[in-house]
file coords22.csv (CSV, C-alpha atoms and all ligand atoms)
chain,number,residue,atom,x,y,z
A,1,MET,CA,12.0,-32.8,-8.2
A,2,VAL,CA,12.6,-31.7,-4.6
A,3,ASN,CA,10.5,-28.5,-5.4
A,4,GLU,CA,7.7,-30.6,-6.9
A,5,THR,CA,7.6,-32.8,-3.8
A,6,ARG,CA,7.5,-29.8,-1.6
A,7,GLU,CA,4.6,-28.3,-3.6
A,8,ILE,CA,2.7,-31.6,-3.4
A,9,VAL,CA,3.2,-31.8,0.4
A,10,LYS,CA,2.1,-28.2,0.7
A,11,GLU,CA,-1.1,-28.8,-1.2
A,12,PHE,CA,-1.8,-31.9,0.8
A,13,VAL,CA,-1.4,-30.0,4.1
A,14,TYR,CA,-3.7,-27.3,2.8
A,15,CYS,CA,-6.2,-30.0,1.8
A,16,LEU,CA,-6.2,-31.2,5.4
A,17,ILE,CA,-6.4,-27.8,7.2
A,18,ARG,CA,-8.3,-25.5,4.9
A,19,GLY,CA,-10.5,-27.8,2.9
A,20,GLY,CA,-8.2,-27.7,-0.1
A,21,LYS,CA,-7.8,-24.0,-0.6
A,22,MET,CA,-4.3,-22.8,-1.2
A,23,PRO,CA,-3.4,-19.3,0.3
A,24,PRO,CA,-3.5,-16.4,-2.1
A,25,ILE,CA,-0.3,-15.6,-4.0
A,26,LEU,CA,1.1,-12.1,-3.4
A,27,TYR,CA,3.5,-10.9,-6.1
A,28,TYR,CA,5.4,-8.0,-4.4
A,29,LEU,CA,8.7,-6.2,-3.7
A,30,PRO,CA,9.2,-5.3,0.0
A,31,PRO,CA,9.9,-1.5,-0.3
A,32,SER,CA,7.1,-0.8,-2.8
A,33,PRO,CA,4.6,1.5,-1.1
A,34,PRO,CA,1.4,-0.2,-2.3
A,35,CYS,CA,2.9,-3.6,-1.5
A,36,ARG,CA,3.6,-2.4,2.1
A,37,ALA,CA,-0.1,-1.6,2.5
A,38,ILE,CA,-1.0,-5.2,1.5
A,39,MET,CA,1.7,-6.7,3.8
A,40,MET,CA,0.5,-4.8,6.8
A,41,LEU,CA,-3.2,-5.7,6.1
A,42,ALA,CA,-2.2,-9.4,5.9
A,43,LYS,CA,-0.8,-9.1,9.4
A,44,MET,CA,-3.9,-7.3,10.6
A,45,LEU,CA,-6.1,-10.1,9.2
A,46,ASP,CA,-3.6,-12.7,10.4
A,47,MET,CA,-3.7,-14.2,6.9
A,48,GLU,CA,-1.1,-16.1,5.0
A,49,PHE,CA,0.1,-15.4,1.5
A,50,ASP,CA,2.4,-17.4,-0.8
A,51,MET,CA,4.8,-14.6,-1.2
A,52,LYS,CA,6.6,-14.2,-4.5
A,53,VAL,CA,9.2,-11.4,-5.0
A,54,VAL,CA,9.2,-9.8,-8.4
A,55,ASN,CA,12.2,-7.5,-8.7
A,56,ILE,CA,11.0,-4.6,-10.8
A,57,LEU,CA,14.5,-3.0,-10.5
A,58,GLU,CA,15.7,-5.9,-12.7
A,59,GLY,CA,12.7,-5.8,-15.0
A,60,GLU,CA,11.3,-9.1,-13.7
A,61,GLN,CA,7.7,-7.8,-14.0
A,62,LEU,CA,8.1,-7.8,-17.8
A,63,LYS,CA,8.7,-11.6,-18.0
A,64,PRO,CA,6.0,-13.2,-20.2
A,65,ASP,CA,4.5,-15.3,-17.4
A,66,PHE,CA,3.9,-12.3,-15.2
A,67,VAL,CA,2.6,-10.1,-18.1
A,68,GLU,CA,0.2,-13.0,-19.0
A,69,LEU,CA,-1.1,-12.8,-15.4
A,70,ASN,CA,-1.2,-9.0,-15.2
A,71,PRO,CA,-0.9,-7.2,-18.5
A,72,GLN,CA,-0.3,-4.0,-16.6
A,73,HIS,CA,2.7,-5.7,-15.0
A,74,CYS,CA,2.5,-3.8,-11.7
A,75,LEU,CA,2.9,-4.8,-8.1
A,76,PRO,CA,1.2,-5.7,-5.9
A,77,THR,CA,-0.7,-8.4,-7.7
A,78,VAL,CA,-2.7,-11.0,-5.9
A,79,ASP,CA,-3.9,-14.3,-7.3
A,80,ASP,CA,-6.5,-15.9,-5.1
A,81,ASP,CA,-7.5,-19.2,-6.5
A,82,GLY,CA,-7.6,-17.7,-10.1
A,83,LEU,CA,-9.0,-14.3,-9.1
A,84,VAL,CA,-6.2,-12.0,-10.3
A,85,LEU,CA,-6.2,-8.5,-8.9
A,86,TRP,CA,-4.0,-5.5,-9.0
A,87,GLU,CA,-4.4,-1.9,-7.8
A,88,SER,CA,-3.5,-2.1,-4.1
A,89,ARG,CA,-6.7,-0.3,-2.9
A,90,ALA,CA,-8.9,-2.7,-4.7
A,91,ILE,CA,-6.9,-5.5,-3.2
A,92,LEU,CA,-7.3,-4.1,0.3
A,93,ALA,CA,-11.1,-3.9,-0.1
A,94,TYR,CA,-11.2,-7.5,-1.5
A,95,LEU,CA,-9.1,-9.0,1.2
A,96,VAL,CA,-11.1,-7.4,4.0
A,97,SER,CA,-14.4,-8.5,2.3
A,98,ALA,CA,-13.1,-12.0,1.8
A,99,TYR,CA,-11.0,-12.7,4.8
A,100,ALA,CA,-11.7,-10.3,7.7
A,101,LYS,CA,-13.9,-11.6,10.6
A,102,ASP,CA,-15.9,-8.4,10.5
A,103,ASP,CA,-16.4,-5.3,8.4
A,104,LYS,CA,-14.6,-2.8,10.6
A,105,LEU,CA,-11.7,-2.1,8.2
A,106,TYR,CA,-14.1,-1.7,5.3
A,107,PRO,CA,-17.5,-0.9,6.7
A,108,LYS,CA,-20.6,-2.2,4.9
A,109,ASP,CA,-22.6,0.9,6.1
A,110,ILE,CA,-23.0,2.6,2.7
A,111,ARG,CA,-22.4,6.1,4.0
A,112,VAL,CA,-19.2,5.2,5.7
A,113,ARG,CA,-18.1,3.0,2.8
A,114,ALA,CA,-18.7,5.9,0.5
A,115,LEU,CA,-16.2,8.0,2.5
A,116,VAL,CA,-13.7,5.2,2.7
A,117,ASP,CA,-13.9,4.8,-1.1
A,118,GLN,CA,-13.6,8.5,-1.7
A,119,ARG,CA,-10.5,8.7,0.5
A,120,LEU,CA,-9.0,5.7,-1.2
A,121,GLN,CA,-9.6,7.3,-4.6
A,122,PHE,CA,-8.2,10.7,-3.4
A,123,ASP,CA,-5.1,8.8,-2.4
A,124,LEU,CA,-4.8,6.9,-5.7
A,125,GLY,CA,-5.7,9.8,-8.0
A,126,THR,CA,-4.4,12.8,-6.1
A,127,LEU,CA,-2.2,12.5,-3.1
A,128,TYR,CA,-0.1,9.4,-4.0
A,129,ALA,CA,-0.2,10.4,-7.6
A,130,ARG,CA,1.2,13.9,-6.9
A,131,MET,CA,3.9,12.5,-4.6
A,132,GLY,CA,5.0,10.1,-7.3
A,133,ASP,CA,4.9,12.8,-9.9
A,134,TYR,CA,7.2,15.0,-7.8
A,135,PHE,CA,9.7,12.3,-6.6
A,136,PHE,CA,9.7,9.2,-8.7
A,137,GLY,CA,11.3,10.7,-11.8
A,138,THR,CA,14.2,11.7,-9.6
A,139,MET,CA,14.3,8.5,-7.6
A,140,PHE,CA,14.3,6.2,-10.7
A,141,MET,CA,16.0,8.3,-13.3
A,142,GLY,CA,17.8,11.1,-11.6
A,143,ALA,CA,15.6,13.8,-13.2
A,144,PRO,CA,15.7,17.2,-11.5
A,145,LEU,CA,13.0,17.9,-8.9
A,146,ASP,CA,10.4,20.3,-10.3
A,147,GLU,CA,9.0,23.0,-8.0
A,148,THR,CA,5.7,23.2,-9.9
A,149,LYS,CA,5.1,19.5,-9.0
A,150,LYS,CA,6.0,20.2,-5.4
A,151,ALA,CA,3.4,23.0,-5.3
A,152,LYS,CA,0.7,20.5,-6.6
A,153,LEU,CA,1.7,18.0,-3.9
A,154,LEU,CA,1.5,20.7,-1.2
A,155,GLU,CA,-1.9,21.7,-2.5
A,156,ALA,CA,-3.1,18.1,-2.2
A,157,LEU,CA,-1.8,18.0,1.4
A,158,ARG,CA,-3.8,21.2,2.2
A,159,TRP,CA,-6.9,19.4,0.9
A,160,PHE,CA,-6.1,16.4,3.0
A,161,GLU,CA,-5.7,18.6,6.1
A,162,ALA,CA,-9.1,20.1,5.5
A,163,MET,CA,-10.7,16.6,5.5
A,164,PHE,CA,-10.3,16.2,9.2
A,165,LYS,CA,-13.3,18.2,10.4
A,166,LYS,CA,-15.6,15.7,11.9
A,167,ARG,CA,-13.7,12.4,12.5
A,168,GLU,CA,-10.6,11.1,14.2
A,169,PHE,CA,-9.7,9.0,11.2
A,170,THR,CA,-10.1,9.8,7.6
A,171,ALA,CA,-13.5,8.2,7.0
A,172,SER,CA,-14.8,7.2,10.4
A,173,ASP,CA,-14.1,7.3,14.1
A,174,HIS,CA,-12.0,4.2,13.7
A,175,PHE,CA,-9.2,3.0,11.5
A,176,THR,CA,-10.1,1.7,8.0
A,177,ILE,CA,-8.3,0.7,4.9
A,178,ALA,CA,-8.4,4.3,3.8
A,179,ASP,CA,-6.2,5.2,6.8
A,180,LEU,CA,-3.9,2.3,5.9
A,181,SER,CA,-3.4,3.4,2.3
A,182,LEU,CA,-3.0,7.1,3.2
A,183,THR,CA,-0.6,6.3,6.1
A,184,VAL,CA,1.7,4.6,3.6
A,185,THR,CA,1.6,7.7,1.3
A,186,ILE,CA,2.2,10.2,4.2
A,187,SER,CA,5.0,8.1,5.7
A,188,GLN,CA,6.7,8.0,2.3
A,189,MET,CA,6.5,11.7,1.6
A,190,GLU,CA,7.7,12.4,5.1
A,191,ALA,CA,10.7,10.1,4.5
A,192,PHE,CA,11.3,11.9,1.2
A,193,GLY,CA,11.6,15.2,3.2
A,194,ILE,CA,8.2,16.8,2.9
A,195,ASP,CA,7.7,18.9,6.1
A,196,LEU,CA,4.4,17.9,7.8
A,197,GLY,CA,4.8,20.9,10.2
A,198,PRO,CA,2.1,23.0,8.6
A,199,TYR,CA,-0.5,20.3,8.8
A,200,PRO,CA,-1.3,19.7,12.5
A,201,LYS,CA,-4.4,17.6,11.8
A,202,ILE,CA,-2.5,15.3,9.5
A,203,ARG,CA,0.2,14.9,12.0
A,204,ALA,CA,-2.2,14.0,14.8
A,205,TRP,CA,-4.0,11.5,12.6
A,206,PHE,CA,-0.7,10.1,11.4
A,207,LYS,CA,0.5,9.5,15.0
A,208,LYS,CA,-2.7,7.6,15.7
A,209,CYS,CA,-2.3,5.5,12.6
A,210,LYS,CA,1.3,4.6,13.4
A,211,GLU,CA,0.1,3.4,16.9
A,212,GLU,CA,-2.6,1.4,15.3
A,213,LEU,CA,-0.2,-0.2,12.9
A,214,GLU,CA,2.7,-0.7,15.3
A,215,PRO,CA,1.7,-4.4,16.1
A,216,TYR,CA,1.3,-5.1,12.4
A,217,GLY,CA,4.8,-4.4,11.1
A,218,TYR,CA,4.7,-0.6,10.9
A,219,GLU,CA,8.5,-0.3,11.5
A,220,GLU,CA,9.7,-3.5,9.8
A,221,ILE,CA,7.4,-3.4,6.8
A,222,ASN,CA,6.5,0.3,6.3
A,223,GLN,CA,9.2,2.5,7.8
A,224,SER,CA,12.0,0.3,6.5
A,225,GLY,CA,10.6,0.4,3.0
A,226,ALA,CA,10.0,4.2,3.2
A,227,ASP,CA,13.7,4.6,4.3
A,228,ALA,CA,14.9,2.4,1.5
A,229,LEU,CA,13.2,4.5,-1.1
A,230,LYS,CA,14.5,7.7,0.6
A,231,GLY,CA,18.0,6.1,0.2
A,232,MET,CA,17.4,5.6,-3.5
A,233,LEU,CA,16.2,9.2,-3.9
A,234,GLU,CA,19.2,10.6,-2.1
A,235,SER,CA,21.7,8.5,-4.0
A,236,LYS,CA,20.2,9.8,-7.3
A,237,MET,CA,20.3,13.4,-6.0
A,238,GLN,CA,23.9,13.1,-5.0
A,239,ASN,CA,24.9,11.8,-8.4
A,240,LYS,CA,23.6,15.0,-10.0
B,301,LIG,N1,-1.8,2.3,-8.3
B,301,LIG,C1,-1.0,1.1,-8.2
B,301,LIG,C2,0.4,1.4,-8.4
B,301,LIG,C3,1.2,0.1,-8.8
B,301,LIG,C4,2.6,0.4,-9.1
B,301,LIG,O1,2.9,1.5,-9.8
B,301,LIG,N2,3.5,-0.4,-8.7
B,301,LIG,C5,4.9,-0.3,-9.1
B,301,LIG,C6,5.8,-0.6,-7.8
B,301,LIG,S1,5.5,0.5,-6.5
B,301,LIG,C7,5.3,-1.2,-10.2
B,301,LIG,O2,4.9,-2.3,-10.1
B,301,LIG,N3,6.1,-0.8,-11.2
B,301,LIG,C8,6.5,-1.6,-12.2
B,301,LIG,C9,5.7,-1.5,-13.5
B,301,LIG,O3,4.7,-0.8,-13.4
B,301,LIG,O4,6.1,-2.1,-14.5
B,301,LIG,C10,-1.3,0.4,-6.8
B,301,LIG,O5,-1.6,1.1,-5.9
B,301,LIG,O6,-1.2,-0.9,-6.8

call {"tool": "encode", "arguments": {"input": "coords22.csv", "output": "structure tokens"}}
result
Amino acid sequence: MVNETREIVKEFVYCLIRGGKMPPILYYLPPSPPCRAIMMLAKMLDMEFDMKVVNILEGEQLKPDFVELNPQHCLPTVDDDGLVLWESRAILAYLVSAYAKDDKLYPKDIRVRALVDQRLQFDLGTLYARMGDYFFGTMFMGAPLDETKKAKLLEALRWFEAMFKKREFTASDHFTIADLSLTVTISQMEAFGIDLGPYPKIRAWFKKCKEELEPYGYEEINQSGADALKGMLESKMQNK
């Protein structure tokens, strides 16, 4: 009853200040890398979410209500007034398009946007994917680390290094959502112990991205999450 009253008051307040629209709901878990990208973007856009923790370590994402919402049962998931989205990079693009005051983070210029999209997909399908392939089996299940998977990850890092020929950031001369997503990936692999020494261009770009994100929770949201996952990985490796 107390909760119901609280919800009614909340809706009433939103009616008054936002013409009736409730803030989007973000289903998340703080250390999750793709969730960290969304949380930092929310700060950059100064937007509010109704934040709902789903503890995937306890299997909460498999509860029927959540699977009904997102049959793929992954985090982050956003519900914006009935528009339900998952895949963090698609969420980043949507949130900028729907809530940013300009298009700087996801430029409308089709040639720049093409590069932002390519970089985002490189992250999703190659860089983040190869990092996960190398580390996550160990981090979640204590499987032995596989050197052939490490070689694939380092190959992707060399490709990423080679992308910094013309621009300061990955897709443009300014920071975009491609940099945000890739910063989370690079910070996570650095926390896991990948040496960025052989990649000077990645290191220079990474430094600039950290400066860019410093006011938007880089340490509290991103680094603390990266360190938490590093702790999980190390504890599984010690138990070997
Ligand atoms: N490509 C997805 C990855 C989503 C993902 O794998 N999320 C993990 C947490 S980091 C998850 O929800 N795992 C639980 C599950 O899939 O059941 C994205 O960027 O959003």

call {"tool": "closest_atom_pairs", "arguments": {"input": "coords22.csv", "of": "chain A", "to": "ligand LIG 301 (chain B)", "cutoff": "8 Å", "atoms": "all atoms listed in the file", "output": "tab-separated table"}}
result
residue	atom	partner	partner_atom	distance
A:Leu29	CA	B:LIG301	C6	7.5
A:Pro31	CA	B:LIG301	S1	7.9
A:Ser32	CA	B:LIG301	S1	4.2
A:Pro33	CA	B:LIG301	S1	5.6
A:Pro34	CA	B:LIG301	O5	4.9
A:Cys35	CA	B:LIG301	S1	7.0
A:Ile56	CA	B:LIG301	C8	5.6
A:Gly59	CA	B:LIG301	O4	7.6
A:Gln61	CA	B:LIG301	O4	5.9
A:Leu62	CA	B:LIG301	O4	6.9
A:Gln72	CA	B:LIG301	O3	6.7
A:His73	CA	B:LIG301	O4	5.0
A:Cys74	CA	B:LIG301	O2	3.3
A:Leu75	CA	B:LIG301	O2	3.8
A:Pro76	CA	B:LIG301	O6	5.4
A:Thr77	CA	B:LIG301	O6	7.6
A:Trp86	CA	B:LIG301	O6	5.8
A:Glu87	CA	B:LIG301	O6	3.5
A:Ser88	CA	B:LIG301	O6	3.7
A:Arg89	CA	B:LIG301	O5	6.1
A:Leu124	CA	B:LIG301	N1	6.1

call {"tool": "residues_around", "arguments": {"input": "coords22.csv", "residues": "range 99-109 of chain A", "least_positions_apart": "2", "cutoff": "7 Å", "atoms": "only C-alpha atoms", "output": "PDB file with C-alpha atoms, keeping the file's coordinate frame"}}
result
ATOM      1  CA  LEU A  45      -6.100 -10.100   9.200  1.00  0.00           C
ATOM      2  CA  ALA A  93     -11.100  -3.900  -0.100  1.00  0.00           C
ATOM      3  CA  LEU A  95      -9.100  -9.000   1.200  1.00  0.00           C
ATOM      4  CA  VAL A  96     -11.100  -7.400   4.000  1.00  0.00           C
ATOM      5  CA  SER A  97     -14.400  -8.500   2.300  1.00  0.00           C
ATOM      6  CA  ARG A 111     -22.400   6.100   4.000  1.00  0.00           C
ATOM      7  CA  VAL A 112     -19.200   5.200   5.700  1.00  0.00           C
ATOM      8  CA  ARG A 113     -18.100   3.000   2.800  1.00  0.00           C
ATOM      9  CA  PHE A 175      -9.200   3.000  11.500  1.00  0.00           C
ATOM     10  CA  THR A 176     -10.100   1.700   8.000  1.00  0.00           C
ATOM     11  CA  ILE A 177      -8.300   0.700   4.900  1.00  0.00           C
TER      12      ILE A 177
END

call {"tool": "atom_distance", "arguments": {"input": "coords22.csv", "atom1": "CA of Asp81 in chain A", "atom2": "CA of Asp50 in chain A"}}
result
11.6 Å

call {"tool": "residues_around", "arguments": {"input": "coords22.csv", "residues": "range 209-224 of chain A", "least_positions_apart": "5", "cutoff": "6 Å", "atoms": "all atoms listed in the file", "output": "list in words"}}
result
Arg36, Met40, Lys43 and Met44 of chain A

call {"tool": "closest_residue", "arguments": {"input": "coords22.csv", "among": "A:Ile91, A:Val78, A:Leu157, A:Leu233", "to": "Phe49 in chain A", "atoms": "only C-alpha atoms"}}
result
A:Val78

call {"tool": "closest_residue", "arguments": {"input": "coords22.csv", "among": "A:Lys52, A:Glu58, A:Lys166, A:Gln121", "to": "Tyr28 in chain A", "atoms": "all atoms listed in the file"}}
result
A:Lys52

call {"tool": "atom_distance", "arguments": {"input": "coords22.csv", "atom1": "CA of Ala143 in chain A", "atom2": "CA of Met131 in chain A"}}
result
14.6 Å

call {"tool": "closest_residue", "arguments": {"input": "coords22.csv", "among": "A:Asp79, A:Asp179, A:Glu161, A:Asp146", "to": "Gln118 in chain A", "atoms": "all atoms listed in the file"}}
result
A:Asp179

call {"tool": "residues_near_point", "arguments": {"input": "coords22.csv", "point": "(14.6, 16.2, -7.2)", "cutoff": "8 Å", "atoms": "only C-alpha atoms", "output": "list in words"}}
result
Tyr134, Phe135, Gly137, Thr138, Met139, Gly142, Ala143, Pro144, Leu145, Asp146, Leu233 and Met237 of chain A

call {"tool": "closest_residue", "arguments": {"input": "coords22.csv", "among": "A:Met189, A:Ala226, A:Leu26, A:Leu41", "to": "Val53 in chain A", "atoms": "all atoms listed in the file"}}
result
A:Leu26
